[in-house]
>>> print(open('input10.csv').read())   # CSV, C-alpha atoms and all ligand atoms
chain,number,residue,atom,x,y,z
A,1,MET,CA,116.8,-1.8,86.1
A,2,THR,CA,117.7,1.7,84.9
A,3,LYS,CA,120.9,3.6,85.2
A,4,GLU,CA,119.2,6.3,87.3
A,5,ASN,CA,118.8,4.4,90.6
A,6,LEU,CA,122.5,3.9,91.3
A,7,ILE,CA,123.7,5.1,94.7
A,8,PHE,CA,127.4,5.1,95.6
A,9,TRP,CA,128.6,5.3,99.2
A,10,GLY,CA,132.1,6.7,100.0
A,11,ALA,CA,134.6,9.2,98.7
A,12,GLY,CA,138.1,10.4,99.2
A,13,THR,CA,140.1,7.1,98.9
A,14,ALA,CA,141.7,5.1,96.1
A,15,ARG,CA,139.1,2.4,96.5
A,16,THR,CA,136.1,4.8,96.2
A,17,PHE,CA,137.8,6.5,93.2
A,18,ARG,CA,137.6,3.3,91.2
A,19,LEU,CA,133.8,3.0,90.8
A,20,ILE,CA,133.4,6.7,90.4
A,21,TRP,CA,135.9,6.6,87.5
A,22,MET,CA,134.2,3.5,86.0
A,23,ALA,CA,130.8,5.2,86.2
A,24,GLU,CA,132.2,8.3,84.6
A,25,GLU,CA,133.7,6.2,81.7
A,26,LEU,CA,130.3,4.5,81.3
A,27,GLU,CA,128.5,7.9,81.4
A,28,LEU,CA,126.2,6.7,84.2
A,29,LYS,CA,124.1,8.9,86.4
A,30,TYR,CA,124.5,8.1,90.1
A,31,LYS,CA,123.9,9.6,93.5
A,32,LEU,CA,127.0,9.9,95.6
A,33,ASN,CA,126.9,9.8,99.4
A,34,PRO,CA,130.4,10.9,100.1
A,35,ILE,CA,130.9,9.4,103.5
A,36,GLY,CA,134.5,8.8,104.7
A,37,PRO,CA,136.4,6.1,106.5
A,38,ARG,CA,136.9,6.5,110.3
A,39,THR,CA,134.6,9.5,110.5
A,40,GLY,CA,132.0,7.5,112.3
A,41,GLU,CA,129.8,7.5,109.3
A,42,THR,CA,130.4,3.9,108.3
A,43,LEU,CA,129.5,2.9,111.9
A,44,SER,CA,126.0,4.4,111.9
A,45,LYS,CA,123.0,2.0,112.4
A,46,GLU,CA,121.7,2.9,108.9
A,47,TYR,CA,125.0,2.2,107.1
A,48,THR,CA,125.7,-0.9,109.1
A,49,ALA,CA,122.4,-2.3,107.9
A,50,LEU,CA,123.5,-1.7,104.3
A,51,ASN,CA,127.0,-2.9,104.7
A,52,PRO,CA,127.8,-4.9,107.9
A,53,LYS,CA,131.5,-4.6,107.0
A,54,GLN,CA,131.3,-0.9,107.9
A,55,LYS,CA,133.6,-0.1,105.0
A,56,ILE,CA,133.5,2.1,101.9
A,57,PRO,CA,132.9,1.9,99.0
A,58,MET,CA,129.4,0.4,98.6
A,59,MET,CA,126.9,0.5,95.8
A,60,GLU,CA,123.1,0.2,95.7
A,61,HIS,CA,121.3,-0.4,92.4
A,62,GLY,CA,117.6,-0.7,93.1
A,63,ASN,CA,117.3,-3.6,95.5
A,64,PHE,CA,120.7,-4.9,94.8
A,65,SER,CA,123.6,-3.9,97.0
A,66,LEU,CA,127.3,-4.7,96.6
A,67,SER,CA,130.5,-3.9,98.4
A,68,GLU,CA,134.2,-4.4,97.3
A,69,SER,CA,135.6,-1.9,94.8
A,70,VAL,CA,136.6,-4.5,92.3
A,71,ALA,CA,133.3,-6.3,92.4
A,72,ILE,CA,131.4,-3.0,91.9
A,73,CYS,CA,133.6,-2.0,88.9
A,74,ARG,CA,133.0,-5.4,87.3
A,75,TYR,CA,129.2,-5.2,88.0
A,76,LEU,CA,129.1,-1.7,86.3
A,77,GLN,CA,131.1,-2.7,83.3
A,78,ASN,CA,129.0,-5.8,82.7
A,79,THR,CA,125.6,-4.2,83.4
A,80,PHE,CA,126.2,-1.1,81.4
A,81,PRO,CA,128.5,-2.1,78.5
A,82,SER,CA,130.1,0.8,76.6
A,83,LYS,CA,132.6,1.3,73.9
A,84,ASN,CA,134.8,3.2,76.4
A,85,ILE,CA,135.6,0.1,78.5
A,86,PHE,CA,137.1,-3.1,77.1
A,87,ILE,CA,135.1,-6.2,78.1
A,88,PRO,CA,136.8,-9.6,77.4
A,89,SER,CA,134.6,-11.9,75.4
A,90,ASN,CA,136.5,-15.2,75.3
A,91,SER,CA,137.7,-17.4,78.2
A,92,GLN,CA,141.4,-16.6,77.8
A,93,ASP,CA,140.9,-12.8,77.8
A,94,LYS,CA,138.5,-13.2,80.8
A,95,ALA,CA,141.1,-15.2,82.6
A,96,LYS,CA,143.9,-12.7,81.8
A,97,GLU,CA,141.7,-9.9,83.1
A,98,ASP,CA,141.1,-11.8,86.3
A,99,GLU,CA,144.8,-12.5,86.6
A,100,TRP,CA,145.7,-8.8,86.4
A,101,CYS,CA,142.8,-7.8,88.7
A,102,ASN,CA,143.9,-10.3,91.3
A,103,PHE,CA,147.5,-9.3,91.0
A,104,ILE,CA,146.9,-5.6,91.3
A,105,TYR,CA,144.3,-5.9,94.1
A,106,GLY,CA,146.1,-8.7,96.0
A,107,GLU,CA,149.7,-7.7,95.6
A,108,VAL,CA,149.8,-4.0,94.9
A,109,ASP,CA,146.8,-2.7,96.8
A,110,GLU,CA,146.3,-5.0,99.8
A,111,THR,CA,149.7,-6.6,100.4
A,112,SER,CA,151.8,-3.5,99.7
A,113,LEU,CA,150.0,-0.1,99.8
A,114,TYR,CA,147.3,-1.0,102.4
A,115,VAL,CA,149.8,-2.6,104.7
A,116,MET,CA,151.9,0.5,104.5
A,117,ARG,CA,148.9,2.6,105.3
A,118,ARG,CA,148.0,0.5,108.3
A,119,HIS,CA,151.5,0.7,109.8
A,120,TYR,CA,152.3,4.3,108.9
A,121,ASP,CA,149.2,6.5,108.4
A,122,LEU,CA,147.1,4.5,110.7
A,123,LYS,CA,149.8,3.5,113.2
A,124,GLU,CA,147.7,4.7,116.2
A,125,ILE,CA,145.2,1.9,115.4
A,126,TYR,CA,147.3,-0.9,113.9
A,127,GLY,CA,150.7,-0.2,115.5
A,128,GLU,CA,153.9,1.5,114.2
A,129,ALA,CA,156.1,-0.9,112.3
A,130,PRO,CA,158.9,0.8,110.2
A,131,GLU,CA,160.4,-2.6,109.2
A,132,VAL,CA,157.0,-3.7,107.8
A,133,VAL,CA,156.6,-0.5,105.9
A,134,ASN,CA,160.0,-0.7,104.5
A,135,SER,CA,159.6,-4.3,103.4
A,136,CYS,CA,156.3,-3.5,101.7
A,137,ARG,CA,158.1,-0.7,99.8
A,138,GLN,CA,160.6,-3.1,98.5
A,139,TYR,CA,157.9,-5.7,97.7
A,140,LEU,CA,155.9,-3.2,95.7
A,141,GLN,CA,159.0,-2.1,93.8
A,142,ARG,CA,159.5,-5.7,92.7
A,143,HIS,CA,155.9,-5.9,91.3
A,144,LEU,CA,156.2,-2.5,89.7
A,145,LYS,CA,159.1,-3.9,87.6
A,146,VAL,CA,156.7,-6.7,86.3
A,147,ILE,CA,154.1,-4.1,85.3
A,148,ASP,CA,156.8,-1.8,83.8
A,149,LYS,CA,158.0,-4.7,81.6
A,150,HIS,CA,154.5,-5.4,80.4
A,151,LEU,CA,154.0,-1.7,79.5
A,152,GLU,CA,157.1,-1.7,77.4
A,153,LYS,CA,155.0,-3.0,74.5
A,154,ASN,CA,151.4,-2.2,75.6
A,155,GLN,CA,149.4,1.0,75.8
A,156,THR,CA,146.9,-0.5,78.2
A,157,ILE,CA,147.2,-3.5,80.4
A,158,MET,CA,144.8,-5.6,78.3
A,159,THR,CA,145.7,-5.7,74.7
A,160,GLY,CA,142.0,-5.3,73.8
A,161,GLY,CA,141.9,-1.8,75.2
A,162,PHE,CA,141.4,0.4,78.3
A,163,GLY,CA,139.3,-1.2,81.0
A,164,ILE,CA,138.9,-2.3,84.6
A,165,VAL,CA,142.5,-3.3,85.0
A,166,ASP,CA,143.8,0.1,84.1
A,167,ILE,CA,141.3,1.7,86.5
A,168,LEU,CA,142.6,-0.5,89.4
A,169,LEU,CA,146.2,0.1,88.4
A,170,MET,CA,145.9,3.8,88.1
A,171,SER,CA,144.3,4.1,91.5
A,172,CYS,CA,147.2,2.3,93.0
A,173,LEU,CA,149.8,4.3,91.0
A,174,ASP,CA,148.4,7.6,92.3
A,175,TRP,CA,148.5,6.1,95.8
A,176,ALA,CA,152.1,5.0,95.3
A,177,ILE,CA,153.1,8.5,94.2
A,178,PHE,CA,151.4,9.8,97.4
A,179,TYR,CA,153.8,7.5,99.2
A,180,GLU,CA,156.7,9.0,97.3
A,181,PHE,CA,157.5,6.0,95.0
A,182,ASP,CA,159.6,6.8,91.9
A,183,LEU,CA,157.7,5.0,89.2
A,184,PRO,CA,159.7,3.3,86.5
A,185,LYS,CA,159.8,4.8,83.0
A,186,ASN,CA,157.1,2.9,81.1
A,187,ILE,CA,154.7,3.2,84.0
A,188,THR,CA,155.3,6.9,84.2
A,189,ILE,CA,154.6,7.3,80.4
A,190,TYR,CA,151.5,5.1,80.8
A,191,ARG,CA,150.2,7.0,83.8
A,192,GLU,CA,150.7,10.4,82.0
A,193,ARG,CA,148.8,9.1,79.0
A,194,ILE,CA,145.9,7.5,80.8
A,195,SER,CA,145.4,10.4,83.2
A,196,GLN,CA,144.5,12.6,80.1
A,197,ARG,CA,141.2,10.8,79.9
A,198,ALA,CA,138.3,13.2,80.7
A,199,ALA,CA,136.5,10.7,82.9
A,200,TYR,CA,139.7,10.3,85.0
A,201,THR,CA,139.9,14.1,85.6
A,202,LYS,CA,136.2,14.3,86.4
A,203,ALA,CA,136.3,11.3,88.8
A,204,MET,CA,139.4,12.9,90.6
A,205,GLU,CA,137.4,16.1,91.2
A,206,ILE,CA,134.3,14.2,92.4
A,207,ASN,CA,136.2,11.7,94.6
A,208,TYR,CA,138.6,14.1,96.2
A,209,SER,CA,136.5,17.3,96.6
A,210,SER,CA,133.3,15.6,97.8
B,1,LIG,N1,138.4,-4.6,100.0
B,1,LIG,C1,137.7,-3.4,100.1
B,1,LIG,C2,138.4,-2.5,101.1
B,1,LIG,C3,137.5,-1.5,101.7
B,1,LIG,C4,138.2,-0.6,102.7
B,1,LIG,O1,139.1,-1.1,103.4
B,1,LIG,N2,137.8,0.6,102.8
B,1,LIG,C5,138.4,1.5,103.7
B,1,LIG,C6,138.6,2.9,103.1
B,1,LIG,S1,139.6,2.8,101.7
B,1,LIG,C7,137.5,1.7,104.9
B,1,LIG,O2,136.3,1.8,104.7
B,1,LIG,N3,138.0,1.8,106.1
B,1,LIG,C8,137.2,2.0,107.3
B,1,LIG,C9,137.6,1.1,108.4
B,1,LIG,O3,138.4,0.2,108.2
B,1,LIG,O4,137.0,1.3,109.4
B,1,LIG,C10,137.4,-2.7,98.8
B,1,LIG,O5,138.3,-2.8,97.9
B,1,LIG,O6,136.4,-2.1,98.6
>>> encode(input="input10.csv", output="C-alpha cells")
Amino acid sequence: MTKENLIFWGAGTARTFRLIWMAEELELKYKLNPIGPRTGETLSKEYTALNPKQKIPMMEHGNFSLSESVAICRYLQNTFPSKNIFIPSNSQDKAKEDEWCNFIYGEVDETSLYVMRRHYDLKEIYGEAPEVVNSCRQYLQRHLKVIDKHLEKNQTIMTGGFGIVDILLMSCLDWAIFYEFDLPKNITIYRERISQRAAYTKAMEINYSS
C-alpha cells in the first residue's frame, strides 16, 4: 500500500487531532473529510456503512478501515516508520508505551475529560451532573500529579523520544486547559516545549479550521 490512499474522517476534536498530528509528524499525504460529531454527518447511510459506531475519527487506507484514535495512531506509526516518532523495539519498551497509552486514554481522556464533557457540554443529551463533573476534576488532578512527577526528569514520556504517548497526552492537556485546569509546573514546561513542533502547529490549524 502507498501513503497516498489514506483518508481520514473527522475534524475539530481532541480525538481527531491525534491522527492528523501523527500523520503530519510522519510527513504523510492524506485526504481529510472534516465531518463533525453531532452534525448529523456521522449518521449518514454512507458513513454508517464505513463506521457503524457513527463516531469520528475514522481512517481508510486502501481497503483497510480503522476507527479509534489510539489504534489509528499506532497503525500509522507502525506502517510508516519515521525518525520523527519513537517506536519501541523491545518488549519492555512496548509494554511501557502500552501502559502510558492505556493510562492516558483510560484515565485522563475517557474517565475524566470525556465524562466532564458528557455531563457539562453535552448535558442536554447525557444529563446535568455537577457533582460528577467536580469529582472528575479532582480525579484528573490526581493523575496530573503522576504525570508531572514523571516529567521532572524526562523531556518526553518515553525515554526513547517523542512519540504516540506524547501525542495522546498533549491532546488531553489542551483539552484540560480548555476546561480551565491549572497544569502543574513540569507539565506546563513540557507542553510549551512540545507545542513548538512544526507538525503540532500544522495539525492544530488543520484540525480546528477545517
Ligand atoms: N474511543 C473513540 C472515541 C470516539 C468519539 O467518541 N468521538 C466523538 C467525537 S470526539 C464522536 O464521534 N461523537 C459523536 C457521537 O457520540 O455521536 C476514539 O478515541 O476514537
>>> residues_near_ligand(input="input10.csv", ligand="ligand LIG 1 (chain B)", cutoff="6 Å", atoms="only C-alpha atoms and all ligand atoms", output="PyMOL selection string")
chain A and resi 13+15+37-38+55-57+68-69
>>> closest_residue(input="input10.csv", among="A:Leu26, A:Ile7, A:Ser112, A:Ala95", to="Phe64 in chain A", atoms="only C-alpha atoms")
A:Ile7
>>> atom_distance(input="input10.csv", atom1="CA of Asn84 in chain A", atom2="CA of Tyr200 in chain A")
12.2 Å
>>> residues_around(input="input10.csv", residues="Ile157 in chain A", least_positions_apart="5", cutoff="9 Å", atoms="all atoms listed in the file", output="list in words")
Glu97, Trp100, Ile147, His150, Leu151, Phe162, Gly163, Val165, Asp166 and Leu169 of chain A
>>> atom_distance(input="input10.csv", atom1="CA of Ile167 in chain A", atom2="CA of Thr42 in chain A")
24.5 Å
>>> residues_near_point(input="input10.csv", point="(150.2, 10.6, 90.3)", cutoff="9 Å", atoms="all atoms listed in the file", output="count of residues only")
12
>>> atom_distance(input="input10.csv", atom1="CA of Glu124 in chain A", atom2="CA of Tyr105 in chain A")
24.7 Å
>>> residues_around(input="input10.csv", residues="Pro130 in chain A", least_positions_apart="4", cutoff="10 Å", atoms="all atoms listed in the file", output="PyMOL selection string")
chain A and resi 116+119-120+123+134-136
>>> residues_around(input="input10.csv", residues="range 74-80 of chain A", least_positions_apart="4", cutoff="9 Å", atoms="all atoms listed in the file", output="list in words")
Lys3, Leu19, Met22, Ala23, Leu26, Leu28, Leu66, Ser69, Val70, Ile85, Phe86, Ile87, Gly163 and Ile164 of chain A
>>> write_last_selection(input="input10.csv", atoms="C-alpha atoms", output="compact mmCIF listing (two decimals), in the coordinates of the input")
# COMPACT_ATOMS: atom_id res chain seq x y z
CA LYS A 3 120.90 3.60 85.20
CA LEU A 19 133.80 3.00 90.80
CA MET A 22 134.20 3.50 86.00
CA ALA A 23 130.80 5.20 86.20
CA LEU A 26 130.30 4.50 81.30
CA LEU A 28 126.20 6.70 84.20
CA LEU A 66 127.30 -4.70 96.60
CA SER A 69 135.60 -1.90 94.80
CA VAL A 70 136.60 -4.50 92.30
CA ILE A 85 135.60 0.10 78.50
CA PHE A 86 137.10 -3.10 77.10
CA ILE A 87 135.10 -6.20 78.10
CA GLY A 163 139.30 -1.20 81.00
CA ILE A 164 138.90 -2.30 84.60
>>> residues_around(input="input10.csv", residues="Pro52 in chain A", least_positions_apart="5", cutoff="10 Å", atoms="only C-alpha atoms", output="count of residues only")
6
>>> residues_around(input="input10.csv", residues="Ala11 in chain A", least_positions_apart="5", cutoff="12 Å", atoms="only C-alpha atoms", output="count of residues only")
30
>>> closest_residue(input="input10.csv", among="A:Gly161, A:Tyr139, A:Thr48, A:Val115", to="Lys83 in chain A", atoms="only C-alpha atoms")
A:Gly161
>>> closest_residue(input="input10.csv", among="A:Lys94, A:Ile187, A:Gln138, A:Tyr179", to="Gly160 in chain A", atoms="all atoms listed in the file")
A:Lys94
>>> closest_residue(input="input10.csv", among="A:Leu140, A:Ile194, A:Met158, A:Ile189", to="Leu113 in chain A", atoms="all atoms listed in the file")
A:Leu140
>>> build_atoms(input="input10.csv", residues="range 110-127 of chain A", atoms="N, CA and C atoms", output="short mmCIF file (atom, residue, chain, number, x, y, z; two decimals), in the coordinates of the input")
data_model
loop_
_atom_site.label_atom_id
_atom_site.label_comp_id
_atom_site.auth_asym_id
_atom_site.auth_seq_id
_atom_site.Cartn_x
_atom_site.Cartn_y
_atom_site.Cartn_z
N GLU A 110 146.40 -4.52 98.45
CA GLU A 110 146.30 -5.00 99.80
C GLU A 110 147.60 -5.35 100.51
N THR A 111 148.46 -6.07 99.77
CA THR A 111 149.70 -6.60 100.40
C THR A 111 150.75 -5.52 100.55
N SER A 112 150.73 -4.54 99.65
CA SER A 112 151.80 -3.50 99.70
C SER A 112 151.23 -2.19 100.27
N LEU A 113 150.41 -1.49 99.45
CA LEU A 113 150.00 -0.10 99.80
C LEU A 113 149.15 -0.09 101.10
N TYR A 114 148.21 -1.04 101.19
CA TYR A 114 147.30 -1.00 102.40
C TYR A 114 148.05 -1.37 103.65
N VAL A 115 149.00 -2.28 103.55
CA VAL A 115 149.80 -2.60 104.70
C VAL A 115 150.64 -1.44 105.16
N MET A 116 151.18 -0.73 104.16
CA MET A 116 151.90 0.50 104.50
C MET A 116 151.03 1.50 105.19
N ARG A 117 149.82 1.63 104.65
CA ARG A 117 148.90 2.60 105.30
C ARG A 117 148.58 2.19 106.72
N ARG A 118 148.37 0.92 106.93
CA ARG A 118 148.00 0.50 108.30
C ARG A 118 149.15 0.80 109.29
N HIS A 119 150.39 0.55 108.86
CA HIS A 119 151.50 0.70 109.80
C HIS A 119 152.24 1.99 109.74
N TYR A 120 151.69 2.93 108.95
CA TYR A 120 152.30 4.30 108.90
C TYR A 120 151.20 5.30 109.17
N ASP A 121 150.30 5.53 108.18
CA ASP A 121 149.20 6.50 108.40
C ASP A 121 148.32 6.16 109.57
N LEU A 122 148.04 4.89 109.72
CA LEU A 122 147.10 4.50 110.70
C LEU A 122 147.77 3.75 111.91
N LYS A 123 149.00 4.19 112.18
CA LYS A 123 149.80 3.50 113.20
C LYS A 123 149.16 3.54 114.60
N GLU A 124 148.35 4.59 114.84
CA GLU A 124 147.70 4.70 116.20
C GLU A 124 146.71 3.53 116.36
N ILE A 125 146.16 3.05 115.25
CA ILE A 125 145.20 1.90 115.40
C ILE A 125 145.89 0.59 115.25
N TYR A 126 146.78 0.46 114.25
CA TYR A 126 147.30 -0.90 113.90
C TYR A 126 148.76 -1.09 114.44
N GLY A 127 149.37 -0.04 114.99
CA GLY A 127 150.70 -0.20 115.50
C GLY A 127 151.78 0.30 114.54
#
